[in-house]
$ cat coords-v3.cif   # mmCIF, C-alpha atoms and all ligand atoms
data_input
loop_
_atom_site.label_atom_id
_atom_site.label_comp_id
_atom_site.auth_asym_id
_atom_site.auth_seq_id
_atom_site.Cartn_x
_atom_site.Cartn_y
_atom_site.Cartn_z
CA MET I 175 0.00 0.00 0.00
CA SER I 176 1.54 3.33 -1.01
CA SER I 177 0.47 6.66 -2.39
CA SER I 178 2.58 9.16 -4.30
CA ILE I 179 1.84 12.50 -5.84
CA VAL I 180 3.51 14.40 -8.68
CA LEU I 181 2.92 18.16 -8.80
CA GLY I 182 4.19 21.06 -10.87
CA ALA I 183 6.42 23.41 -8.85
CA GLN I 184 6.27 26.38 -11.27
CA TRP I 185 3.69 27.71 -13.77
CA GLY I 186 2.92 24.36 -15.39
CA ASP I 187 4.62 22.65 -18.35
CA GLU I 188 7.44 21.42 -16.10
CA GLY I 189 7.49 18.02 -17.78
CA LYS I 190 5.21 16.25 -15.29
CA GLY I 191 3.89 13.95 -18.02
CA LYS I 192 7.22 12.19 -18.41
CA ILE I 193 7.77 11.80 -14.65
CA VAL I 194 4.22 10.56 -14.06
CA ASP I 195 4.60 8.12 -16.92
CA LEU I 196 7.76 6.67 -15.38
CA LEU I 197 6.04 6.22 -12.02
CA ALA I 198 2.78 4.99 -13.56
CA GLU I 199 4.59 1.89 -14.74
CA LYS I 200 4.71 0.80 -11.08
CA ALA I 201 1.24 2.04 -10.13
CA ASP I 202 -2.03 0.11 -9.93
CA VAL I 203 -4.17 3.25 -10.00
CA VAL I 204 -3.43 6.71 -11.45
CA VAL I 205 -5.74 9.57 -10.47
CA ARG I 206 -6.30 13.08 -11.83
CA PHE I 207 -7.89 15.33 -9.20
CA GLN I 208 -8.20 18.84 -10.71
CA GLY I 209 -8.27 20.74 -13.98
CA GLY I 210 -9.53 19.49 -17.30
CA ALA I 211 -8.71 19.88 -20.98
CA ASN I 212 -6.51 22.90 -20.21
CA ALA I 213 -3.74 20.43 -19.28
CA GLY I 214 -1.45 18.92 -21.87
CA HIS I 215 0.87 16.14 -20.72
CA THR I 216 3.31 15.33 -23.48
CA LEU I 217 4.86 11.87 -23.41
CA VAL I 218 7.33 10.34 -25.78
CA VAL I 219 6.91 6.59 -25.79
CA GLU I 220 9.09 4.53 -28.11
CA GLY I 221 9.77 7.66 -30.17
CA ARG I 222 6.06 8.44 -30.53
CA LYS I 223 4.67 11.70 -29.14
CA ILE I 224 1.41 11.37 -27.21
CA VAL I 225 -0.39 14.34 -25.62
CA LEU I 226 -2.88 13.61 -22.86
CA HIS I 227 -5.29 16.33 -21.77
CA GLN I 228 -7.93 14.87 -19.44
CA ILE I 229 -7.01 11.19 -19.23
CA PRO I 230 -4.46 10.09 -16.58
CA SER I 231 -1.06 8.94 -17.88
CA GLY I 232 -1.57 5.41 -16.54
CA ILE I 233 -3.73 4.76 -19.61
CA LEU I 234 -0.51 3.90 -21.45
CA HIS I 235 0.10 0.98 -19.08
CA LYS I 236 -2.13 -2.03 -19.57
CA PRO I 237 -2.92 -3.21 -16.02
CA CYS I 238 -3.42 0.30 -14.61
CA THR I 239 -6.80 1.74 -13.55
CA ASN I 240 -7.22 5.45 -14.34
CA LEU I 241 -9.57 7.64 -12.35
CA ILE I 242 -10.73 11.21 -13.06
CA GLY I 243 -11.77 12.53 -9.66
CA PRO I 244 -14.62 14.77 -8.48
CA GLY I 245 -12.33 17.83 -8.50
CA CYS I 246 -11.93 17.71 -12.30
CA VAL I 247 -14.01 19.48 -14.92
CA ILE I 248 -14.60 17.33 -17.99
CA ASP I 249 -15.43 18.31 -21.54
CA PRO I 250 -17.26 15.29 -23.01
CA THR I 251 -16.63 16.22 -26.66
CA ALA I 252 -12.91 16.72 -26.05
CA LEU I 253 -12.77 13.53 -23.96
CA LEU I 254 -14.21 11.42 -26.78
CA GLU I 255 -11.71 12.94 -29.21
CA GLU I 256 -8.88 12.10 -26.82
CA ILE I 257 -10.13 8.52 -26.48
CA ALA I 258 -10.36 8.22 -30.29
CA ASP I 259 -6.80 9.56 -30.71
CA LEU I 260 -5.43 7.10 -28.15
CA ARG I 261 -7.21 4.20 -29.82
CA LYS I 262 -5.77 5.29 -33.18
CA ALA I 263 -2.33 5.10 -31.57
CA GLY I 264 -3.12 1.49 -30.56
CA ILE I 265 -3.77 2.25 -26.88
CA GLU I 266 -6.68 0.45 -25.30
CA VAL I 267 -9.22 2.72 -23.58
CA THR I 268 -12.08 0.80 -21.96
CA PRO I 269 -14.55 1.63 -19.19
CA GLU I 270 -12.63 -0.91 -17.07
CA LYS I 271 -9.43 1.11 -17.48
CA LEU I 272 -10.94 4.60 -17.23
CA LYS I 273 -13.57 5.98 -14.84
CA ILE I 274 -14.82 9.55 -14.44
CA SER I 275 -16.35 10.64 -11.16
CA ASP I 276 -20.11 11.08 -11.18
CA ARG I 277 -19.40 14.28 -9.25
CA ALA I 278 -17.00 15.83 -11.75
CA HIS I 279 -18.48 18.91 -13.40
CA ILE I 280 -19.21 19.08 -17.12
CA VAL I 281 -17.59 21.73 -19.31
CA THR I 282 -20.31 22.75 -21.78
CA PRO I 283 -20.05 24.71 -25.04
CA PHE I 284 -21.42 27.70 -23.13
CA HIS I 285 -18.44 27.58 -20.74
CA ARG I 286 -16.03 27.42 -23.67
CA PHE I 287 -17.81 30.31 -25.33
CA LEU I 288 -17.61 32.47 -22.18
CA ASP I 289 -13.94 31.59 -21.71
CA ARG I 290 -13.06 32.59 -25.26
CA ARG I 291 -14.88 35.89 -24.74
CA GLN I 292 -13.64 36.72 -21.23
CA GLY I 293 -10.35 34.86 -20.82
CA GLY I 294 -8.18 37.22 -22.90
CA ALA I 295 -6.91 39.34 -20.01
CA ILE I 296 -5.63 36.26 -18.18
CA GLY I 297 -4.54 34.49 -21.36
CA THR I 298 -6.51 31.33 -20.60
CA THR I 299 -6.40 28.21 -22.74
CA GLY I 300 -10.00 28.90 -23.86
CA ARG I 301 -11.12 25.43 -22.74
CA GLY I 302 -14.00 26.70 -20.57
CA ILE I 303 -12.24 25.90 -17.30
CA GLY I 304 -12.84 29.16 -15.37
CA PRO I 305 -16.55 29.50 -16.27
CA CYS I 306 -17.17 25.82 -15.43
CA TYR I 307 -15.51 26.06 -12.00
CA GLY I 308 -17.36 29.39 -11.57
CA ASP I 309 -20.69 27.60 -12.02
CA LYS I 310 -19.58 24.83 -9.66
CA ILE I 311 -18.86 27.31 -6.88
CA ALA I 312 -22.04 29.28 -7.64
CA ARG I 313 -23.95 25.97 -7.37
CA THR I 314 -25.31 26.30 -10.90
CA GLY I 315 -23.01 23.67 -12.47
CA ILE I 316 -23.92 20.43 -14.22
CA ARG I 317 -22.35 17.21 -12.94
CA MET I 318 -21.63 13.88 -14.57
CA ASP I 319 -24.32 12.17 -12.47
CA SER I 320 -26.96 14.05 -14.49
CA VAL I 321 -25.73 12.13 -17.57
CA LEU I 322 -26.22 8.86 -15.69
CA HIS I 323 -29.69 9.88 -14.54
CA GLY I 324 -30.72 10.98 -18.05
CA THR I 325 -31.49 14.51 -16.85
CA VAL I 326 -28.53 16.31 -18.40
CA LYS I 327 -30.26 17.61 -21.53
CA VAL I 328 -33.16 19.18 -19.61
CA THR I 329 -30.77 20.56 -16.99
CA TYR I 330 -28.61 22.09 -19.74
CA GLU I 331 -31.62 23.60 -21.52
CA ASN I 332 -32.79 25.14 -18.24
CA TYR I 333 -29.26 26.37 -17.61
CA LEU I 334 -29.06 27.99 -21.05
CA SER I 335 -32.44 29.66 -20.63
CA LEU I 336 -31.11 31.22 -17.43
CA VAL I 337 -27.74 32.42 -18.70
CA MET I 338 -28.40 33.28 -22.34
CA THR I 339 -29.90 36.47 -23.62
CA ASP I 340 -30.78 37.41 -27.23
CA THR I 341 -27.53 39.35 -27.48
CA THR I 342 -25.21 36.74 -25.95
CA PHE I 343 -23.73 35.35 -29.14
CA GLY I 344 -23.95 38.13 -31.70
CA ASP I 345 -22.85 36.65 -35.01
CA GLN I 346 -21.53 33.47 -33.37
CA THR I 347 -24.91 31.80 -32.88
CA ASP I 348 -24.34 29.27 -35.68
CA ALA I 349 -20.95 28.24 -34.32
CA PHE I 350 -22.46 27.84 -30.85
CA ASN I 351 -25.36 25.77 -32.19
CA ARG I 352 -22.89 23.43 -33.94
CA GLU I 353 -20.83 23.01 -30.76
CA ASN I 354 -24.03 22.42 -28.80
CA SER I 355 -25.24 19.68 -31.15
CA ALA I 356 -21.87 17.91 -30.92
CA PHE I 357 -21.96 18.24 -27.12
CA LEU I 358 -25.47 16.80 -26.76
CA ALA I 359 -24.66 13.98 -29.20
CA SER I 360 -21.53 13.05 -27.22
CA LEU I 361 -23.17 12.55 -23.84
CA ASP I 362 -24.51 9.01 -24.25
CA SER I 363 -21.07 7.72 -25.28
CA VAL I 364 -19.61 8.92 -21.99
CA ILE I 365 -22.08 6.94 -19.82
CA PRO I 366 -20.00 3.71 -19.56
CA PHE I 367 -17.06 5.70 -18.23
CA ILE I 368 -18.95 7.38 -15.35
CA GLY I 369 -18.77 5.89 -11.85
CA ASP I 370 -18.13 6.42 -8.15
CA THR I 371 -14.38 6.99 -8.28
CA GLN I 372 -14.20 7.91 -4.60
CA THR I 373 -15.39 4.48 -3.45
CA MET I 374 -13.23 2.77 -6.08
CA LEU I 375 -10.13 4.65 -4.94
CA PHE I 376 -10.78 3.96 -1.26
CA ALA I 377 -11.34 0.25 -1.95
CA ALA I 378 -8.15 0.05 -4.01
CA TYR I 379 -6.19 1.76 -1.23
CA LYS I 380 -7.57 -0.61 1.42
CA GLN I 381 -6.62 -3.57 -0.77
CA GLY I 382 -3.02 -2.39 -0.87
CA ALA I 383 -2.92 -0.81 -4.34
CA ARG I 384 -0.06 1.47 -5.31
CA ILE I 385 -1.70 4.80 -6.05
CA LEU I 386 -0.26 7.68 -8.03
CA LEU I 387 -1.89 11.11 -7.98
CA GLU I 388 -1.19 13.15 -11.10
CA GLY I 389 -1.27 16.92 -10.75
CA ALA I 390 -1.94 19.23 -13.68
CA GLN I 391 -0.67 22.80 -14.21
CA GLY I 392 1.67 24.06 -11.45
CA THR I 393 1.75 25.54 -7.94
CA LEU I 394 2.01 29.13 -9.21
CA LEU I 395 -1.24 28.65 -11.14
CA ASP I 396 -3.11 27.53 -7.98
CA ILE I 397 -6.31 29.55 -7.45
CA ASP I 398 -5.33 30.20 -3.81
CA HIS I 399 -1.53 29.92 -3.73
CA GLY I 400 -0.57 31.15 -7.19
CA THR I 401 -0.09 34.54 -8.86
CA TYR I 402 -3.78 35.49 -8.59
CA PRO I 403 -5.65 36.52 -10.71
CA PHE I 404 -3.24 35.12 -13.35
CA VAL I 405 -3.95 31.55 -12.32
CA THR I 406 -6.15 28.65 -13.31
CA SER I 407 -9.41 28.01 -11.46
CA SER I 408 -8.49 24.94 -9.41
CA ASN I 409 -6.18 24.01 -6.53
CA THR I 410 -3.18 22.72 -8.41
CA SER I 411 -1.14 22.16 -5.23
CA ILE I 412 -1.35 19.36 -2.70
CA GLY I 413 -4.60 20.44 -1.02
CA GLY I 414 -6.41 19.88 -4.31
CA ALA I 415 -5.53 16.20 -4.13
CA LEU I 416 -7.56 15.69 -0.95
CA THR I 417 -10.68 17.56 -2.04
CA GLY I 418 -10.32 16.49 -5.65
CA THR I 419 -10.31 12.76 -4.88
CA GLY I 420 -12.46 12.70 -1.74
CA VAL I 421 -10.14 10.12 -0.14
CA TYR I 422 -7.50 10.74 2.49
CA LEU I 423 -4.27 9.26 1.16
CA PRO I 424 -1.05 9.75 3.12
CA MET I 425 1.02 10.58 -0.02
CA GLU I 426 4.31 9.39 1.47
CA THR I 427 6.17 10.36 -1.72
CA ARG I 428 5.56 13.94 -2.90
CA ILE I 429 7.54 14.80 -6.01
CA GLY I 430 7.71 18.38 -7.25
CA VAL I 431 8.62 18.78 -10.89
CA ALA I 432 10.59 21.90 -11.87
CA LYS I 433 12.29 22.87 -15.09
CA ALA I 434 15.99 23.80 -14.89
CA TYR I 435 14.80 27.28 -15.90
CA THR I 436 11.28 28.79 -15.79
CA THR I 437 8.48 29.18 -18.32
CA ARG I 438 4.92 30.42 -18.27
CA VAL I 439 2.17 30.75 -20.84
CA GLY I 440 -0.55 33.33 -20.55
CA ASN I 441 -0.32 36.71 -18.89
CA GLY I 442 0.82 37.74 -15.43
CA PRO I 443 3.98 38.50 -13.46
CA PHE I 444 7.22 36.72 -14.35
CA PRO I 445 10.04 38.36 -12.34
CA THR I 446 12.93 36.42 -13.90
CA GLU I 447 11.81 36.57 -17.54
CA TRP I 448 14.63 36.65 -20.09
CA SER I 449 14.93 39.26 -22.83
CA GLU I 450 12.96 38.23 -25.90
CA GLU I 451 16.19 37.59 -27.84
CA PHE I 452 17.55 35.10 -25.30
CA ALA I 453 14.12 33.58 -24.66
CA ASP I 454 13.88 32.88 -28.41
CA GLN I 455 17.02 30.72 -28.27
CA ILE I 456 15.79 28.65 -25.33
CA ARG I 457 12.30 28.40 -26.82
CA VAL I 458 13.71 26.66 -29.87
CA VAL I 459 16.11 24.38 -27.97
CA GLY I 460 13.49 23.56 -25.34
CA ARG I 461 10.55 23.29 -27.78
CA GLU I 462 8.72 25.77 -25.57
CA PHE I 463 5.33 25.88 -27.25
CA GLY I 464 2.13 24.97 -25.37
CA ALA I 465 0.99 21.33 -25.69
CA THR I 466 -2.68 22.40 -25.59
CA THR I 467 -2.74 25.69 -27.48
CA GLY I 468 0.62 25.76 -29.33
CA ARG I 469 1.31 29.23 -27.87
CA PRO I 470 5.00 30.21 -27.46
CA ARG I 471 5.91 30.00 -23.78
CA ARG I 472 7.59 32.91 -22.00
CA CYS I 473 11.02 31.83 -20.73
CA GLY I 474 13.20 33.00 -17.82
CA ARG I 475 15.81 32.14 -15.23
CA LEU I 476 15.24 29.68 -12.42
CA ASP I 477 13.62 31.41 -9.44
CA ILE I 478 14.68 29.90 -6.11
CA PRO I 479 12.31 31.97 -3.88
CA LEU I 480 9.32 30.79 -5.94
CA LEU I 481 10.52 27.19 -5.68
CA GLN I 482 11.04 27.56 -1.92
CA ASN I 483 7.43 28.68 -1.73
CA ALA I 484 6.31 25.63 -3.75
CA CYS I 485 8.26 23.38 -1.34
CA MET I 486 6.50 25.01 1.62
CA VAL I 487 3.01 24.67 0.10
CA ASN I 488 3.42 21.06 -1.03
CA GLY I 489 5.94 19.53 1.39
CA PHE I 490 7.88 17.92 -1.46
CA THR I 491 9.94 14.92 -0.35
CA SER I 492 12.02 15.26 -3.52
CA LEU I 493 12.23 17.12 -6.79
CA ALA I 494 12.53 16.15 -10.43
CA LEU I 495 14.56 18.68 -12.43
CA THR I 496 13.69 18.58 -16.12
CA LYS I 497 15.15 19.98 -19.36
CA LEU I 498 18.64 20.37 -17.90
CA ASP I 499 19.99 19.56 -21.38
CA CYS I 500 18.43 22.78 -22.73
CA LEU I 501 20.90 24.88 -20.71
CA SER I 502 24.00 23.32 -22.34
CA GLY I 503 26.20 25.77 -24.26
CA GLN I 504 25.88 28.75 -21.88
CA THR I 505 29.07 30.36 -20.51
CA THR I 506 27.30 31.35 -17.30
CA ILE I 507 23.80 30.82 -15.90
CA GLU I 508 21.97 33.28 -13.66
CA VAL I 509 19.65 31.99 -10.94
CA ALA I 510 17.40 34.24 -8.83
CA VAL I 511 18.23 33.69 -5.17
CA GLY I 512 16.27 36.48 -3.46
CA ARG I 513 14.49 39.83 -3.84
CA ASP I 514 15.83 43.36 -3.24
CA SER I 515 13.94 46.03 -1.28
CA SER I 516 11.84 46.88 -4.37
CA GLY I 517 10.88 43.25 -4.86
CA ASN I 518 13.14 42.73 -7.91
CA PRO I 519 15.07 39.45 -8.17
CA THR I 520 18.69 39.30 -7.05
CA TYR I 521 20.84 36.85 -8.99
CA LYS I 522 23.75 34.52 -8.44
CA THR I 523 25.81 33.65 -11.51
CA LEU I 524 26.87 30.03 -11.83
CA ASP I 525 29.25 28.47 -14.34
CA GLY I 526 27.67 26.97 -17.46
CA TRP I 527 28.81 23.89 -19.39
CA GLN I 528 29.38 23.32 -23.08
CA GLU I 529 28.87 19.57 -23.42
CA ASP I 530 25.78 17.92 -24.89
CA ILE I 531 24.38 15.92 -21.96
CA THR I 532 21.49 14.21 -23.71
CA SER I 533 23.13 10.79 -23.74
CA ALA I 534 24.33 10.79 -20.12
CA LYS I 535 23.32 7.59 -18.36
CA ASP I 536 24.32 8.50 -14.83
CA PHE I 537 24.38 11.72 -12.82
CA ASP I 538 28.11 11.30 -12.19
CA GLU I 539 28.73 11.40 -15.97
CA LEU I 540 27.49 15.01 -16.18
CA PRO I 541 30.05 17.84 -16.49
CA ALA I 542 31.19 19.22 -13.11
CA ALA I 543 29.49 22.62 -13.67
CA CYS I 544 26.23 20.89 -14.54
CA ARG I 545 26.34 18.78 -11.39
CA ALA I 546 27.18 21.92 -9.39
CA TYR I 547 24.08 23.63 -10.86
CA VAL I 548 21.85 20.78 -9.65
CA GLU I 549 23.56 20.59 -6.26
CA PHE I 550 23.23 24.37 -5.79
CA ILE I 551 19.44 24.22 -6.35
CA GLU I 552 19.13 21.21 -4.07
CA LYS I 553 20.98 23.02 -1.27
CA GLU I 554 18.96 26.24 -1.66
CA LEU I 555 15.70 24.30 -1.49
CA ALA I 556 16.83 21.88 1.22
CA THR I 557 15.10 19.17 -0.81
CA PRO I 558 16.83 16.35 -2.68
CA ILE I 559 16.73 16.38 -6.47
CA SER I 560 16.19 12.70 -7.08
CA ILE I 561 15.34 12.73 -10.80
CA VAL I 562 17.17 14.70 -13.49
CA SER I 563 15.81 14.72 -17.03
CA VAL I 564 18.21 15.31 -19.94
CA GLY I 565 15.86 14.77 -22.88
CA PRO I 566 12.25 13.93 -23.76
CA ASN I 567 12.63 10.13 -23.92
CA ARG I 568 12.10 7.82 -20.98
CA SER I 569 15.68 6.62 -21.34
CA GLN I 570 17.01 10.17 -20.87
CA THR I 571 16.31 10.17 -17.14
CA LEU I 572 18.91 10.01 -14.39
CA PHE I 573 17.94 8.77 -10.94
CA ARG I 574 19.69 9.74 -7.75
CA GLY I 575 19.45 8.61 -4.12
CA GLU I 576 15.96 7.68 -3.00
CA ALA I 577 14.52 7.74 -6.55
CA LYS I 578 16.55 4.65 -7.37
CA GLY I 579 14.32 2.91 -4.81
CA VAL I 580 11.08 4.68 -5.73
CA VAL I 581 11.23 4.28 -9.48
CA SER I 582 13.53 1.43 -10.39
P1 LIG I 601 -7.15 28.27 -17.83
O1 LIG I 601 -6.68 27.18 -16.96
O2 LIG I 601 -7.43 27.87 -19.25
O3 LIG I 601 -8.31 29.02 -17.22
O4 LIG I 601 -5.95 29.36 -17.95
C1 LIG I 601 -5.53 30.13 -16.82
C2 LIG I 601 -4.01 30.30 -16.84
O5 LIG I 601 -3.40 29.03 -16.60
C3 LIG I 601 -3.45 30.79 -18.18
O6 LIG I 601 -2.30 31.59 -17.92
C4 LIG I 601 -3.03 29.50 -18.87
O7 LIG I 601 -2.00 29.73 -19.82
C5 LIG I 601 -2.52 28.71 -17.67
N1 LIG I 601 -2.58 27.26 -17.88
C6 LIG I 601 -3.67 26.46 -17.83
N2 LIG I 601 -3.33 25.18 -18.06
C7 LIG I 601 -2.00 25.16 -18.21
C8 LIG I 601 -1.06 24.11 -18.44
O8 LIG I 601 -1.37 22.91 -18.51
N3 LIG I 601 0.24 24.50 -18.55
C9 LIG I 601 0.63 25.80 -18.43
N4 LIG I 601 -0.21 26.80 -18.22
C10 LIG I 601 -1.52 26.49 -18.12
#

$ encode --input "coords-v3.cif" --output "structure tokens"
Amino acid sequence: MSSSIVLGAQWGDEGKGKIVDLLAEKADVVVRFQGGANAGHTLVVEGRKIVLHQIPSGILHKPCTNLIGPGCVIDPTALLEEIADLRKAGIEVTPEKLKISDRAHIVTPFHRFLDRRQGGAIGTTGRGIGPCYGDKIARTGIRMDSVLHGTVKVTYENYLSLVMTDTTFGDQTDAFNRENSAFLASLDSVIPFIGDTQTMLFAAYKQGARILLEGAQGTLLDIDHGTYPFVTSSNTSIGGALTGTGVYLPMETRIGVAKAYTTRVGNGPFPTEWSEEFADQIRVVGREFGATTGRPRRCGRLDIPLLQNACMVNGFTSLALTKLDCLSGQTTIEVAVGRDSSGNPTYKTLDGWQEDITSAKDFDELPAACRAYVEFIEKELATPISIVSVGPNRSQTLFRGEAKGVVS
């Protein structure tokens, strides 16, 4: 019996997909507990790129059960597309392997429409996430159980009659009607996947299952602990795992995933952002374009104070540092280590390294300056860095200390 959690320590896109996938191999159950189709977990499996949005990464492993918890918001149309894409890639997706909580809220075309119209200032993904969580909190949302009970269409019609006015859509009425028809047509196909994930998860835990909780987005996008209002609408940090599953799990292993530098998509503060010219270089090397929207990500230096905060919020037992290979070729590397009296970052300059590290097989094979970079971060955060990623493939992962026991 064990439970582990993987969470983003920055603004999302830290490379959680790869880390979760490695751990999922050893898990009996993988659970998503917040967010929805705004997430994009990119995995490279046997050279093939797979992007998961709403479905837990355990779907790639045959014996694994995958649960989408009550804290998630699910877009049925997008979910069916994701299932179809996985099946096309030869991955089995059955109601035995995948269950969605009957208490998860449904993202409707109306939520997507509102998000596209109102989400510009925040730079949202346009997937309807904020408006859907807004309805949940306002107690006007529509849950998956209404699909099971056959009441969803009437509930949705009533909902629309409340929220829509003659002027709501302007010239977009036809587009909305098309999205609506697709939405209503998709609902019956989702029925076999809906169930009581809370009871299933608790039963699995009691029976000694190895459970992996898969976070989406990152700590700085948490609705309560992030850079509000430039955040997503769910609790992306550890508290979200308790409310979003409805089961107390001890989560003995709590892995925070951080990039060796920092990125963010969407608007909002980014104290250590690089100049556009330098960011352009890293963006190309690091393939820094959103997995969900394709937007170029903003890039900047590693920010130790923000990571210290993420360690405090989540109680990470260890960290996974990803994309270290993307920093090769720099003479020096700046890392933010504090803030001055005006709140601006203060930097420490570390030595860079020139070598390509993508084929390193062991941490000790890395150039001395590269190892010193990792060890510096570890010391500043007082948290071991147990996984170092030097490329997108599973094989480009170096394990240190306790991770050798956890993963291998
Ligand atoms: P929303 O989650 O679509 O409402 O977007 C709110 C903010 O969170 C925006 O800045 C998005 O760019 C950001 N965001 C949402 N999901 C992700 C993600 O998976 N990775 C990175 N940023 C995300």

$ closest_residue --input "coords-v3.cif" --among "I:Ala183, I:Thr466, I:Gly293, I:Leu395" --to "Cys485 (chain I)" --atoms "only C-alpha atoms"
I:Ala183

$ closest_residue --input "coords-v3.cif" --among "I:Ala546, I:Ile303, I:Ile368, I:Met318" --to "ligand LIG 601 (chain I)" --atoms "only C-alpha atoms and all ligand atoms"
I:Ile303

$ atom_distance --input "coords-v3.cif" --atom1 "CA of Ala201 (chain I)" --atom2 "CA of Arg384 (chain I)"
5.0 Å

$ residues_near_ligand --input "coords-v3.cif" --ligand "ligand LIG 601 (chain I)" --cutoff "6 Å" --atoms "only C-alpha atoms and all ligand atoms" --output "ChimeraX atom specification"
/I:185-187,212-214,296-301,303-304,391,395,404-407,439-441

$ residues_around --input "coords-v3.cif" --residues "region 282-288 of chain I" --least-positions-apart "5" --cutoff "10 Å" --atoms "all atoms listed in the file" --output "ChimeraX atom specification"
/I:247-251,293,299-309,315-316,330,333-334,337-338,342-343,346,349-358

$ write_last_selection --input "coords-v3.cif" --atoms "C-alpha atoms" --output "PDB file, in the coordinates of the input"
ATOM      1  CA  VAL I 247     -14.010  19.480 -14.920  1.00  0.00           C
ATOM      2  CA  ILE I 248     -14.600  17.330 -17.990  1.00  0.00           C
ATOM      3  CA  ASP I 249     -15.430  18.310 -21.540  1.00  0.00           C
ATOM      4  CA  PRO I 250     -17.260  15.290 -23.010  1.00  0.00           C
ATOM      5  CA  THR I 251     -16.630  16.220 -26.660  1.00  0.00           C
ATOM      6  CA  GLY I 293     -10.350  34.860 -20.820  1.00  0.00           C
ATOM      7  CA  THR I 299      -6.400  28.210 -22.740  1.00  0.00           C
ATOM      8  CA  GLY I 300     -10.000  28.900 -23.860  1.00  0.00           C
ATOM      9  CA  ARG I 301     -11.120  25.430 -22.740  1.00  0.00           C
ATOM     10  CA  GLY I 302     -14.000  26.700 -20.570  1.00  0.00           C
ATOM     11  CA  ILE I 303     -12.240  25.900 -17.300  1.00  0.00           C
ATOM     12  CA  GLY I 304     -12.840  29.160 -15.370  1.00  0.00           C
ATOM     13  CA  PRO I 305     -16.550  29.500 -16.270  1.00  0.00           C
ATOM     14  CA  CYS I 306     -17.170  25.820 -15.430  1.00  0.00           C
ATOM     15  CA  TYR I 307     -15.510  26.060 -12.000  1.00  0.00           C
ATOM     16  CA  GLY I 308     -17.360  29.390 -11.570  1.00  0.00           C
ATOM     17  CA  ASP I 309     -20.690  27.600 -12.020  1.00  0.00           C
ATOM     18  CA  GLY I 315     -23.010  23.670 -12.470  1.00  0.00           C
ATOM     19  CA  ILE I 316     -23.920  20.430 -14.220  1.00  0.00           C
ATOM     20  CA  TYR I 330     -28.610  22.090 -19.740  1.00  0.00           C
ATOM     21  CA  TYR I 333     -29.260  26.370 -17.610  1.00  0.00           C
ATOM     22  CA  LEU I 334     -29.060  27.990 -21.050  1.00  0.00           C
ATOM     23  CA  VAL I 337     -27.740  32.420 -18.700  1.00  0.00           C
ATOM     24  CA  MET I 338     -28.400  33.280 -22.340  1.00  0.00           C
ATOM     25  CA  THR I 342     -25.210  36.740 -25.950  1.00  0.00           C
ATOM     26  CA  PHE I 343     -23.730  35.350 -29.140  1.00  0.00           C
ATOM     27  CA  GLN I 346     -21.530  33.470 -33.370  1.00  0.00           C
ATOM     28  CA  ALA I 349     -20.950  28.240 -34.320  1.00  0.00           C
ATOM     29  CA  PHE I 350     -22.460  27.840 -30.850  1.00  0.00           C
ATOM     30  CA  ASN I 351     -25.360  25.770 -32.190  1.00  0.00           C
ATOM     31  CA  ARG I 352     -22.890  23.430 -33.940  1.00  0.00           C
ATOM     32  CA  GLU I 353     -20.830  23.010 -30.760  1.00  0.00           C
ATOM     33  CA  ASN I 354     -24.030  22.420 -28.800  1.00  0.00           C
ATOM     34  CA  SER I 355     -25.240  19.680 -31.150  1.00  0.00           C
ATOM     35  CA  ALA I 356     -21.870  17.910 -30.920  1.00  0.00           C
ATOM     36  CA  PHE I 357     -21.960  18.240 -27.120  1.00  0.00           C
ATOM     37  CA  LEU I 358     -25.470  16.800 -26.760  1.00  0.00           C
TER      38      LEU I 358
END

$ residues_around --input "coords-v3.cif" --residues "Ile561 (chain I)" --least-positions-apart "4" --cutoff "12 Å" --atoms "all atoms listed in the file" --output "PyMOL selection string"
chain I and resi 189-190+192-194+196-197+429-434+491-498+536-537+548+552+557+568+570-582

$ residues_around --input "coords-v3.cif" --residues "Asn483 (chain I)" --least-positions-apart "4" --cutoff "12 Å" --atoms "all atoms listed in the file" --output "PyMOL selection string"
chain I and resi 183-184+393-394+399-401+411+430+477-479+487-490+512+554-556

$ residues_around --input "coords-v3.cif" --residues "Leu524 (chain I)" --least-positions-apart "5" --cutoff "7 Å" --atoms "only C-alpha atoms" --output "ChimeraX atom specification"
/I:506-508

$ atom_distance --input "coords-v3.cif" --atom1 "CA of Ile365 (chain I)" --atom2 "CA of Arg313 (chain I)"
22.8 Å

$ atom_distance --input "coords-v3.cif" --atom1 "CA of Asp276 (chain I)" --atom2 "CA of Pro366 (chain I)"
11.2 Å

$ axis_aligned_box --input "coords-v3.cif" --around "region 312-320 of chain I" --padding-each-side "3 Å" --output "JSON"
{"center_x": -24.3, "center_y": 20.7, "center_z": -11.0, "size_x": 11.3, "size_y": 23.1, "size_z": 13.2}

$ closest_residue --input "coords-v3.cif" --among "I:Cys246, I:Thr325, I:Leu361, I:Ser533" --to "Lys310 (chain I)" --atoms "only C-alpha atoms"
I:Cys246

$ residues_around --input "coords-v3.cif" --residues "Glu462 (chain I)" --least-positions-apart "2" --cutoff "10 Å" --atoms "all atoms listed in the file" --output "MDAnalysis selection string"
chainID I and resid 187 437:439 453:454 456:460 464:465 468:473

$ residues_near_point --input "coords-v3.cif" --point "(3.4, 10.4, -34.2)" --cutoff "12 Å" --atoms "all atoms listed in the file" --output "PyMOL selection string"
chain I and resi 216-225+259-260+262-264

$ closest_residue --input "coords-v3.cif" --among "I:Leu480, I:Ala359, I:Leu387, I:Val326" --to "Ser231 (chain I)" --atoms "only C-alpha atoms"
I:Leu387

$ closest_residue --input "coords-v3.cif" --among "I:Ala542, I:Val564, I:Ile531, I:Leu272" --to "Gly503 (chain I)" --atoms "all atoms listed in the file"
I:Ile531
